[in-house]
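So the structure is just underneath, and the comments pick up after that.
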Amino acid sequence: MSSEEYPIIRSGGSLLLAWRTKNKNVLIVGGGEVATSRVIKSLEADALITLVCPEKGLKDELKYRIQQKQIHKWINREFENSDLEGIDMTLVAIDDPIRSKEICVMCRERKIPVNVADVPLMCDFYFMAEHRDGPLQIAVSTNGQGPKLATIIRDRLAENLPKGIAGAIKGVGLLRQKVRETDPSHTSSKKRMNWMSRICQQWTLEELQQLDEEKITTLMSFYENDDVPNISLIKERTLQKDRDETLEKQIDSNKKGRIILVGAGPGDPELMTVKATKALMSADLIVSDRLVPPAIFSNVTCEIRLAPAKSGEDKTPESQDQIQTWCLDALNEGKTVIRLKVGDPFLFGRGGEELAYFRDKGWNVEVIPGISSALSAPMAADVPVTHRGLSDQVLIITGQGTKGRFPELPKYHEMRTTVVLMAVGKANELSKELLDKGYPENLPSVFVENSNRPEERIIPATVSTLGEVVEKQQVVSPATLIIGRSVNALTI
Ligand SMILES: C[C@@]1(CC(=O)O)C2=NC(=C\c3[nH]c(c(CCC(=O)O)c3CC(=O)O)Cc3[nH]c(c(CC(=O)O)c3CCC(=O)O)/C=C3\N/C(=C\2)[C@@H](CCC(=O)O)[C@]3(C)CC(=O)O)/[C@H]1CCC(=O)O
Ligand SMILES: NC(=O)c1ccc[n+]([C@@H]2O[C@H](COP(=O)([O-])OP(=O)(O)OC[C@H]3O[C@@H](n4cnc5c(N)ncnc54)[C@H](O)[C@@H]3O)[C@@H](O)[C@H]2O)c1
């Protein structure tokens with residue numbers, strides 16, 4: 001064994017420990033400046049203090065602390081031997097060296113640790129120059145060589161500590177507690193310690209400082225797999241949870257009556273948002289458009305009413321009245337009502353009109369977006385609606401329009417993909433309109449019938465053959481038509 005392998009012992013030091021004095025009986029003898037400082041330090045360490053000093057010798061601060069009942073027991077006289085009964089530690093700060101020595105000797109006979117202020121030979125332990133910030137304590141000892149210097153070094157250290165270090169320690173403390181609660185077994189000790197160390201190393205002090213109950217709960221979900229995520233992921237997930245909880249609370253409080261406009265997406269239940277799914281589960285009544293396929297309701301337990309008319313084209317004012325009456329009646333009964341629409345409520349779903357109606361009646365309407373088939377149908381047909389070199393813009397129009405008129409179409413542009421919703425009924429007229437606006441006859445087009453549903457069909461066409469294809473292939477609604485050079489982007 002070589003001597004270089006092990007550290008050299010530098011004798012003459014003190015054993016630095018953090019002494020836990022909570023509820024321990026600490027005797028303090030004296031009532032001046034030094035005794036006062038001993039009282040404060042002992043109180044900060046939750047000790048039970050017995051103070052021995054005649055009233056005339058007490059500093060004002062000590063009188064105040066006695067009055068505030070912070071001193072467990074004050075003995076209003078000079079020290080007597082019996083005061084050491086049941087004492088765990090003695091601190092002497094009096095101006096009488098002989099008495100000080102006597103007290104020290106008595107303590108040592110009784111094995112009570114003792115400190116006589118400023119008399120190193122009578123100290124079983126020294127006090128140190130200390131910096132305190134929340135749970136952080138930094139103590140400096142010069143082992144009696146230079147107490148003043150100890151305070152100067154302490155101040156220098158404190159000045160150079162990173163800001164918010166106490167907050168970081170508090171955050172880590174909370175997290176450690178949670179980890180031990182979650183996975184208390186002795187065999188997990190290595191995993192716990194390793195994970196905690198990695199968090200402390202990978203997160204900055206500023207980040208650790210931001211650990212609160214909510215973020216800790218989110219962070220704990222990574223503990224199981226032994227993952228250490230970065231704080232931005234934790235923040236994002238926590239925020240999302242907050243939003244979900246707010247929504248759940250809103251939905252739960254069905255006493256007040258709530259109405260939520262929900263987009264059911266293109267038809268595949270898995271393409272609904274999590275928020276929409278949760279909303280459906282907590283509803284008392286769902287008033288749904290007829291086009292919403294039954295699969296969307298497979299887990300729903302509440303009452304479902306289908307709108308009397310199938311879709312926009314045969315929607316009469318009466319059918320709209322019926323929908324509104326159903327909703328208002330249920331709302332007045334304090335129910336949570338979901339107005340469910342295919343796709344997205346605000347994209348050709350007339351969601352805006354319904355929102356305005358219920359808002360006008362004094363109801364606060366929430367809206368949960370859905371995936372519109374304007375974007376999901378092209379995907380189903382392998383069409384990227386924008387594609388470098390082929391398309392840098394998307395136009396979404398309805399094939400129906402109000403009062404049988406198409407929306408005003410812009411002139412053809414080769415870099416644009418045109419998506420037509422509700423495209424089946426007037427395919428011939430649409431074809432003419434497009435050709436009028438300069439769309440090339442052979443421009444690739446594709447119908448996506450029942451997109452994102454089991455019965456989905458992809459039917460190719462060109463601008464000039466739209467009507468013909470609908471007829472020959474018996475294309476039925478709901479169908480989405482996509483027109484433009486991007487249609488063949490992935491096939492050529
Ligand atoms: C750190 C601090 C903690 C505390 O007491 O709470 C503390 N002394 C403090 C201040 C301080 N004390 C003195 C001065 C005057 C200037 C100077 O002499 O430097 C100042 C400075 C001032 O007042 O600003 C005089 C002094 N002190 C001792 C002697 C005797 C001797 O050296 O032999 C003499 C000479 C008496 C004489 O000549 O007559 C002895 C001790 N003082 C200790 C601790 C222990 C050693 C700790 C260490 O070295 O690490 C030890 C051994 C025993 C003990 O008392 O536990 C506290 C800072 C409080 C704060 O700022 O938070
Ligand atoms: N004041 C300081 O800044 C300072 C600094 C360093 C060292 N010291 C030393 O520390 C000791 C205490 O100084 P201080 O300034 O805190 O106090 P002090 O010297 O102002 O007063 C001494 C205190 O001890 C009490 N006392 C005296 N005999 C007692 C007894 N037998 N039982 C109970 N109480 C008794 C007195 O009533 C008084 O409250 C002294 O030895 C002093 O030299 C003081």
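Letters A, B, ... mark the chains of the structure tokens in the order given; residue numbers begin at 1 per chain; ligand numbers begin at 1, in order shown.
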All residues having an atom within 7 Å of ligand 2 (only C-alpha atoms and all ligand atoms) as a PyMOL selection string: chain A and resi 29-35+52-54+56-59+77-79+93-97+99+117-118
Can you list, as JSON, numbers by chain, all residues belonging to segment 115-238 of chain A that DSSP tags as helix (DSSP H, G or I)? {"A": [120, 121, 122, 147, 148, 149, 150, 151, 152, 153, 154, 155, 156, 157, 158, 159, 165, 166, 167, 168, 169, 170, 171, 172, 173, 174, 175, 176, 177, 178, 179, 180, 181, 182, 186, 187, 188, 189, 190, 191, 192, 193, 194, 195, 196, 197, 198, 199, 200, 201, 202, 205, 206, 207, 208, 209, 213, 214, 215, 216, 217, 218, 219, 220, 221, 222, 223, 231, 232, 233, 234, 235, 236, 237, 238]}
Write the selection just made, keeping C-alpha atoms, as a PDB file, in the first residue's frame?
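The resulting out-v9.pdb:
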```pdb
ATOM      1  CA  PRO A 120     -11.355  28.030  24.116  1.00  0.00           C
ATOM      2  CA  LEU A 121     -10.050  25.750  26.835  1.00  0.00           C
ATOM      3  CA  MET A 122     -13.511  25.654  28.381  1.00  0.00           C
ATOM      4  CA  PRO A 147     -13.158  34.886  15.019  1.00  0.00           C
ATOM      5  CA  LYS A 148     -13.353  38.284  13.324  1.00  0.00           C
ATOM      6  CA  LEU A 149     -11.751  36.836  10.228  1.00  0.00           C
ATOM      7  CA  ALA A 150     -14.334  34.043  10.357  1.00  0.00           C
ATOM      8  CA  THR A 151     -17.074  36.656  10.064  1.00  0.00           C
ATOM      9  CA  ILE A 152     -15.312  38.379   7.166  1.00  0.00           C
ATOM     10  CA  ILE A 153     -14.914  35.094   5.281  1.00  0.00           C
ATOM     11  CA  ARG A 154     -18.555  34.264   6.003  1.00  0.00           C
ATOM     12  CA  ASP A 155     -19.694  37.615   4.583  1.00  0.00           C
ATOM     13  CA  ARG A 156     -17.538  37.152   1.476  1.00  0.00           C
ATOM     14  CA  LEU A 157     -19.009  33.697   0.868  1.00  0.00           C
ATOM     15  CA  ALA A 158     -22.566  34.942   1.376  1.00  0.00           C
ATOM     16  CA  GLU A 159     -22.059  37.780  -1.103  1.00  0.00           C
ATOM     17  CA  ILE A 165     -30.171  29.297  -3.641  1.00  0.00           C
ATOM     18  CA  ALA A 166     -32.509  28.902  -0.641  1.00  0.00           C
ATOM     19  CA  GLY A 167     -35.454  28.445  -2.989  1.00  0.00           C
ATOM     20  CA  ALA A 168     -33.548  25.773  -4.897  1.00  0.00           C
ATOM     21  CA  ILE A 169     -32.844  23.906  -1.665  1.00  0.00           C
ATOM     22  CA  LYS A 170     -36.503  24.123  -0.638  1.00  0.00           C
ATOM     23  CA  GLY A 171     -37.562  22.786  -4.063  1.00  0.00           C
ATOM     24  CA  VAL A 172     -35.143  19.888  -3.853  1.00  0.00           C
ATOM     25  CA  GLY A 173     -36.313  19.162  -0.298  1.00  0.00           C
ATOM     26  CA  LEU A 174     -39.935  18.912  -1.420  1.00  0.00           C
ATOM     27  CA  LEU A 175     -38.969  16.694  -4.336  1.00  0.00           C
ATOM     28  CA  ARG A 176     -36.914  14.314  -2.164  1.00  0.00           C
ATOM     29  CA  GLN A 177     -39.809  13.998   0.235  1.00  0.00           C
ATOM     30  CA  LYS A 178     -42.156  13.131  -2.621  1.00  0.00           C
ATOM     31  CA  VAL A 179     -39.736  10.565  -4.054  1.00  0.00           C
ATOM     32  CA  ARG A 180     -39.446   8.829  -0.706  1.00  0.00           C
ATOM     33  CA  GLU A 181     -43.210   8.839  -0.236  1.00  0.00           C
ATOM     34  CA  THR A 182     -43.772   7.420  -3.714  1.00  0.00           C
ATOM     35  CA  HIS A 186     -35.153   0.207   1.105  1.00  0.00           C
ATOM     36  CA  THR A 187     -34.277  -1.595  -2.120  1.00  0.00           C
ATOM     37  CA  SER A 188     -35.114   1.538  -4.137  1.00  0.00           C
ATOM     38  CA  SER A 189     -32.621   3.643  -2.246  1.00  0.00           C
ATOM     39  CA  LYS A 190     -29.996   3.514  -5.048  1.00  0.00           C
ATOM     40  CA  LYS A 191     -32.550   4.475  -7.697  1.00  0.00           C
ATOM     41  CA  ARG A 192     -33.876   7.328  -5.549  1.00  0.00           C
ATOM     42  CA  MET A 193     -30.441   8.734  -4.845  1.00  0.00           C
ATOM     43  CA  ASN A 194     -29.207   8.386  -8.401  1.00  0.00           C
ATOM     44  CA  TRP A 195     -32.307  10.082  -9.840  1.00  0.00           C
ATOM     45  CA  MET A 196     -32.143  12.929  -7.304  1.00  0.00           C
ATOM     46  CA  SER A 197     -28.439  13.485  -8.021  1.00  0.00           C
ATOM     47  CA  ARG A 198     -29.112  13.677 -11.752  1.00  0.00           C
ATOM     48  CA  ILE A 199     -31.902  16.215 -11.254  1.00  0.00           C
ATOM     49  CA  CYS A 200     -29.586  18.361  -9.121  1.00  0.00           C
ATOM     50  CA  GLN A 201     -26.815  18.155 -11.707  1.00  0.00           C
ATOM     51  CA  GLN A 202     -28.878  18.669 -14.852  1.00  0.00           C
ATOM     52  CA  LEU A 205     -30.287  26.465  -9.411  1.00  0.00           C
ATOM     53  CA  GLU A 206     -32.782  28.871 -11.005  1.00  0.00           C
ATOM     54  CA  GLU A 207     -34.703  25.886 -12.394  1.00  0.00           C
ATOM     55  CA  LEU A 208     -34.632  23.946  -9.115  1.00  0.00           C
ATOM     56  CA  GLN A 209     -35.959  27.056  -7.430  1.00  0.00           C
ATOM     57  CA  GLU A 213     -46.127  21.041  -5.681  1.00  0.00           C
ATOM     58  CA  GLU A 214     -47.605  21.017  -9.183  1.00  0.00           C
ATOM     59  CA  LYS A 215     -44.322  20.702 -11.075  1.00  0.00           C
ATOM     60  CA  ILE A 216     -43.143  18.055  -8.630  1.00  0.00           C
ATOM     61  CA  THR A 217     -46.250  15.973  -9.306  1.00  0.00           C
ATOM     62  CA  THR A 218     -45.549  16.237 -13.041  1.00  0.00           C
ATOM     63  CA  LEU A 219     -41.850  15.457 -12.552  1.00  0.00           C
ATOM     64  CA  MET A 220     -42.689  12.370 -10.482  1.00  0.00           C
ATOM     65  CA  SER A 221     -44.285  10.748 -13.521  1.00  0.00           C
ATOM     66  CA  PHE A 222     -40.744  10.526 -14.983  1.00  0.00           C
ATOM     67  CA  TYR A 223     -39.304   8.879 -11.877  1.00  0.00           C
ATOM     68  CA  ILE A 231     -37.801  21.927 -17.071  1.00  0.00           C
ATOM     69  CA  SER A 232     -39.519  23.196 -20.218  1.00  0.00           C
ATOM     70  CA  LEU A 233     -41.185  19.813 -20.702  1.00  0.00           C
ATOM     71  CA  ILE A 234     -42.302  19.834 -17.069  1.00  0.00           C
ATOM     72  CA  LYS A 235     -43.706  23.348 -17.408  1.00  0.00           C
ATOM     73  CA  GLU A 236     -45.565  22.451 -20.579  1.00  0.00           C
ATOM     74  CA  ARG A 237     -47.094  19.281 -19.075  1.00  0.00           C
ATOM     75  CA  THR A 238     -48.041  21.080 -15.859  1.00  0.00           C
TER      76      THR A 238
END
```
Close residues to ligand 1 using only C-alpha atoms and all ligand atoms, limit 7 Å, as a list in words: Ser37, Arg38, Asn115, Val116, Ala117, Asp118, Val119, Pro120, Cys123, Phe125, Tyr126, Phe127, Met128, Ala129, Glu130, Val140, Ser141, Thr142, Asn143, Gly144, Gln145, Gly146, Pro147, Lys148, Leu149, Ala150 and Thr151 of chain A
Residues within 8 Å of Ser319 of chain A, only C-alpha atoms, excluding chain neighbours under 4 positions, as a PyMOL selection string: chain A and resi 307-309+315+323
Please save N, CA and C atoms of the selected residues as a PDB file, in the first residue's frame.
```pdb
ATOM      1  N   ALA A 307     -79.559  15.944 -34.496  1.00  0.00           N
ATOM      2  CA  ALA A 307     -80.213  17.089 -35.127  1.00  0.00           C
ATOM      3  C   ALA A 307     -81.194  16.580 -36.171  1.00  0.00           C
ATOM      4  N   PRO A 308     -82.361  17.210 -36.286  1.00  0.00           N
ATOM      5  CA  PRO A 308     -83.364  16.717 -37.216  1.00  0.00           C
ATOM      6  C   PRO A 308     -82.870  16.693 -38.672  1.00  0.00           C
ATOM      7  N   ALA A 309     -82.131  17.697 -39.100  1.00  0.00           N
ATOM      8  CA  ALA A 309     -81.682  17.722 -40.500  1.00  0.00           C
ATOM      9  C   ALA A 309     -80.297  17.125 -40.618  1.00  0.00           C
ATOM     10  N   LYS A 315     -80.920  21.786 -43.942  1.00  0.00           N
ATOM     11  CA  LYS A 315     -81.198  22.347 -42.629  1.00  0.00           C
ATOM     12  C   LYS A 315     -82.257  23.436 -42.780  1.00  0.00           C
ATOM     13  N   ILE A 323     -82.948  22.269 -32.301  1.00  0.00           N
ATOM     14  CA  ILE A 323     -81.636  22.102 -31.644  1.00  0.00           C
ATOM     15  C   ILE A 323     -81.500  23.110 -30.504  1.00  0.00           C
TER      16      ILE A 323
END
```
I need the residues of segment 277-361 of chain A that end up classed as strand (DSSP E or B) by DSSP on the backbone, written out as a list in words. Leu285, Ile286, Val287, Ser288, Glu303, Ile304, Arg305, Leu306, Thr336, Val337, Ile338, Arg339, Leu340, Lys341 and Gly343 of chain A
Restricting the calculation to only C-alpha atoms: of A:Asp227, A:Glu85, A:Glu441, A:Glu449, which residue gets closest to Thr465 of chain A? A:Glu441
What's the 7 Å shell around Thr417 of chain A, counting only C-alpha atoms, without same-chain residues fewer than 5 positions away, as a VMD selection string? chain A and resid 385 391 393 to 395 483 to 484 486
Would you output that residue set with C-alpha atoms, as a compact mmCIF listing (two decimals), in the first residue's frame?
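Saved the output as result.txt:
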```
# COMPACT_ATOMS: atom_id res chain seq x y z
CA VAL A 385 -51.59 20.40 -49.11
CA SER A 391 -47.98 24.49 -53.48
CA GLN A 393 -50.99 28.08 -50.10
CA VAL A 394 -54.31 26.37 -49.42
CA LEU A 395 -57.79 27.58 -50.27
CA ILE A 483 -57.48 20.06 -56.50
CA GLY A 484 -53.99 21.11 -57.48
CA SER A 486 -49.90 18.76 -54.85
```
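Summary of the local environment: counting only C-alpha atoms, residues at most 12 Å from Arg350 of chain A, other than itself and those fewer than 4 positions away along its chain, are Leu261, Gly263, Asp289, Ser311, Gly312, Lys315, Gln320, Arg339, Leu340, Lys341, Val342, Gly343, Asp344, Pro345, Phe346, Glu354, Leu355, Ala356 and Tyr357 of chain A.
Residues lying within 10 Å of Val114 of chain A, counting only C-alpha atoms and ignoring same-chain neighbours fewer than 6 positions away, are Val26, Leu27, Asp88, Met89, Thr90, Leu91, Val92, Ile103, Cys104, Val105, Met106, Cys107, Arg108, Met122, Cys123, Asp124, Phe125 and Tyr126 of chain A.
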Would you write out those residues with all heavy atoms, as a short mmCIF file (atom, residue, chain, number, x, y, z; two decimals), in the first residue's frame?
```
data_model
loop_
_atom_site.label_atom_id
_atom_site.label_comp_id
_atom_site.auth_asym_id
_atom_site.auth_seq_id
_atom_site.Cartn_x
_atom_site.Cartn_y
_atom_site.Cartn_z
N VAL A 26 -31.43 23.30 26.56
CA VAL A 26 -30.19 24.06 26.46
C VAL A 26 -30.19 25.12 27.57
O VAL A 26 -31.12 25.93 27.65
CB VAL A 26 -30.05 24.70 25.06
CG1 VAL A 26 -28.84 25.63 25.02
CG2 VAL A 26 -29.94 23.64 23.97
N LEU A 27 -29.16 25.08 28.40
CA LEU A 27 -29.06 26.07 29.49
C LEU A 27 -28.16 27.21 29.04
O LEU A 27 -27.03 26.99 28.60
CB LEU A 27 -28.45 25.40 30.74
CG LEU A 27 -28.24 26.33 31.94
CD1 LEU A 27 -29.57 26.74 32.57
CD2 LEU A 27 -27.33 25.67 32.98
N ASP A 88 -29.10 19.28 28.50
CA ASP A 88 -28.38 18.55 27.45
C ASP A 88 -27.15 19.31 26.93
O ASP A 88 -26.26 18.73 26.31
CB ASP A 88 -29.32 18.31 26.25
CG ASP A 88 -30.53 17.49 26.63
OD1 ASP A 88 -30.33 16.41 27.22
OD2 ASP A 88 -31.67 17.92 26.36
N MET A 89 -27.13 20.65 27.18
CA MET A 89 -26.02 21.45 26.65
C MET A 89 -25.99 22.76 27.44
O MET A 89 -27.04 23.29 27.76
CB MET A 89 -26.28 21.75 25.18
CG MET A 89 -25.36 22.79 24.57
SD MET A 89 -25.95 23.36 22.95
CE MET A 89 -25.38 22.06 21.93
N THR A 90 -24.77 23.25 27.77
CA THR A 90 -24.69 24.50 28.53
C THR A 90 -23.87 25.54 27.78
O THR A 90 -22.80 25.24 27.24
CB THR A 90 -24.03 24.26 29.91
OG1 THR A 90 -24.78 23.26 30.60
CG2 THR A 90 -23.99 25.53 30.75
N LEU A 91 -24.41 26.77 27.73
CA LEU A 91 -23.70 27.88 27.10
C LEU A 91 -23.52 28.97 28.16
O LEU A 91 -24.50 29.47 28.71
CB LEU A 91 -24.52 28.42 25.92
CG LEU A 91 -25.06 27.38 24.93
CD1 LEU A 91 -25.97 28.03 23.89
CD2 LEU A 91 -23.89 26.65 24.24
N VAL A 92 -22.26 29.30 28.44
CA VAL A 92 -21.98 30.28 29.50
C VAL A 92 -21.50 31.58 28.86
O VAL A 92 -20.59 31.58 28.04
CB VAL A 92 -20.91 29.73 30.48
CG1 VAL A 92 -20.70 30.70 31.64
CG2 VAL A 92 -21.32 28.35 31.00
N ILE A 103 -18.63 26.43 36.52
CA ILE A 103 -19.75 25.86 35.76
C ILE A 103 -19.21 24.85 34.74
O ILE A 103 -19.75 23.75 34.58
CB ILE A 103 -20.56 26.98 35.04
CG1 ILE A 103 -21.17 27.94 36.07
CG2 ILE A 103 -21.68 26.38 34.17
CD1 ILE A 103 -21.83 29.18 35.48
N CYS A 104 -18.10 25.23 34.10
CA CYS A 104 -17.52 24.34 33.09
C CYS A 104 -17.12 23.00 33.71
O CYS A 104 -17.44 21.93 33.16
CB CYS A 104 -16.30 25.03 32.48
SG CYS A 104 -15.37 23.95 31.38
N VAL A 105 -16.47 23.04 34.88
CA VAL A 105 -16.02 21.83 35.55
C VAL A 105 -17.22 20.94 35.89
O VAL A 105 -17.23 19.73 35.64
CB VAL A 105 -15.19 22.17 36.82
CG1 VAL A 105 -14.94 20.93 37.67
CG2 VAL A 105 -13.86 22.82 36.42
N MET A 106 -18.28 21.59 36.43
CA MET A 106 -19.48 20.82 36.79
C MET A 106 -20.11 20.13 35.58
O MET A 106 -20.54 18.98 35.65
CB MET A 106 -20.51 21.75 37.44
CG MET A 106 -20.38 21.82 38.94
SD MET A 106 -21.71 22.80 39.62
CE MET A 106 -21.15 24.44 39.30
N CYS A 107 -20.15 20.85 34.49
CA CYS A 107 -20.74 20.27 33.26
C CYS A 107 -19.93 19.07 32.80
O CYS A 107 -20.49 18.03 32.45
CB CYS A 107 -20.76 21.31 32.14
SG CYS A 107 -22.04 22.53 32.35
N ARG A 108 -18.61 19.22 32.87
CA ARG A 108 -17.77 18.11 32.38
C ARG A 108 -17.91 16.89 33.28
O ARG A 108 -17.91 15.76 32.79
CB ARG A 108 -16.33 18.58 32.25
CG ARG A 108 -16.21 19.46 31.00
CD ARG A 108 -14.85 19.98 30.72
NE ARG A 108 -14.85 20.63 29.41
CZ ARG A 108 -13.93 21.48 29.00
NH1 ARG A 108 -12.90 21.79 29.79
NH2 ARG A 108 -14.00 22.00 27.80
N MET A 122 -12.27 26.08 27.72
CA MET A 122 -13.51 25.65 28.38
C MET A 122 -14.63 25.40 27.37
O MET A 122 -15.80 25.44 27.74
CB MET A 122 -13.96 26.71 29.40
CG MET A 122 -12.99 26.83 30.55
SD MET A 122 -13.66 27.97 31.75
CE MET A 122 -12.17 28.62 32.42
N CYS A 123 -14.24 25.17 26.16
CA CYS A 123 -15.24 24.90 25.11
C CYS A 123 -15.12 23.47 24.63
O CYS A 123 -14.08 23.06 24.13
CB CYS A 123 -15.04 25.83 23.92
SG CYS A 123 -15.50 27.53 24.23
N ASP A 124 -16.22 22.68 24.79
CA ASP A 124 -16.26 21.35 24.16
C ASP A 124 -16.58 21.51 22.66
O ASP A 124 -16.37 20.60 21.87
CB ASP A 124 -17.32 20.48 24.82
CG ASP A 124 -16.94 20.15 26.27
OD1 ASP A 124 -15.71 20.13 26.54
OD2 ASP A 124 -17.84 19.96 27.10
N PHE A 125 -17.15 22.63 22.35
CA PHE A 125 -17.46 22.95 20.95
C PHE A 125 -17.40 24.46 20.80
O PHE A 125 -17.57 25.18 21.79
CB PHE A 125 -18.86 22.42 20.57
CG PHE A 125 -19.93 22.87 21.52
CD1 PHE A 125 -20.61 24.06 21.30
CD2 PHE A 125 -20.24 22.13 22.67
CE1 PHE A 125 -21.59 24.49 22.19
CE2 PHE A 125 -21.21 22.56 23.57
CZ PHE A 125 -21.88 23.75 23.33
N TYR A 126 -17.10 24.93 19.62
CA TYR A 126 -17.05 26.37 19.34
C TYR A 126 -18.30 26.79 18.59
O TYR A 126 -18.90 25.99 17.87
CB TYR A 126 -15.86 26.71 18.44
CG TYR A 126 -14.49 26.48 19.01
CD1 TYR A 126 -13.42 26.25 18.15
CD2 TYR A 126 -14.26 26.54 20.38
CE1 TYR A 126 -12.15 26.07 18.64
CE2 TYR A 126 -12.98 26.35 20.88
CZ TYR A 126 -11.92 26.11 20.02
OH TYR A 126 -10.66 25.92 20.50
#
```
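Minimum atom-to-atom distance to Asp183 of chain A, evaluated using only C-alpha atoms, belongs to A:Glu224 out of A:Thr204, A:Leu331, A:Glu429, A:Glu224.
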For Asp382 of chain A, work out the shell of residues within 10 Å, counting only C-alpha atoms and skipping chain neighbours fewer than 3 positions away, then give it as a VMD selection string. chain A and resid 376 to 379 385 458 486 to 491
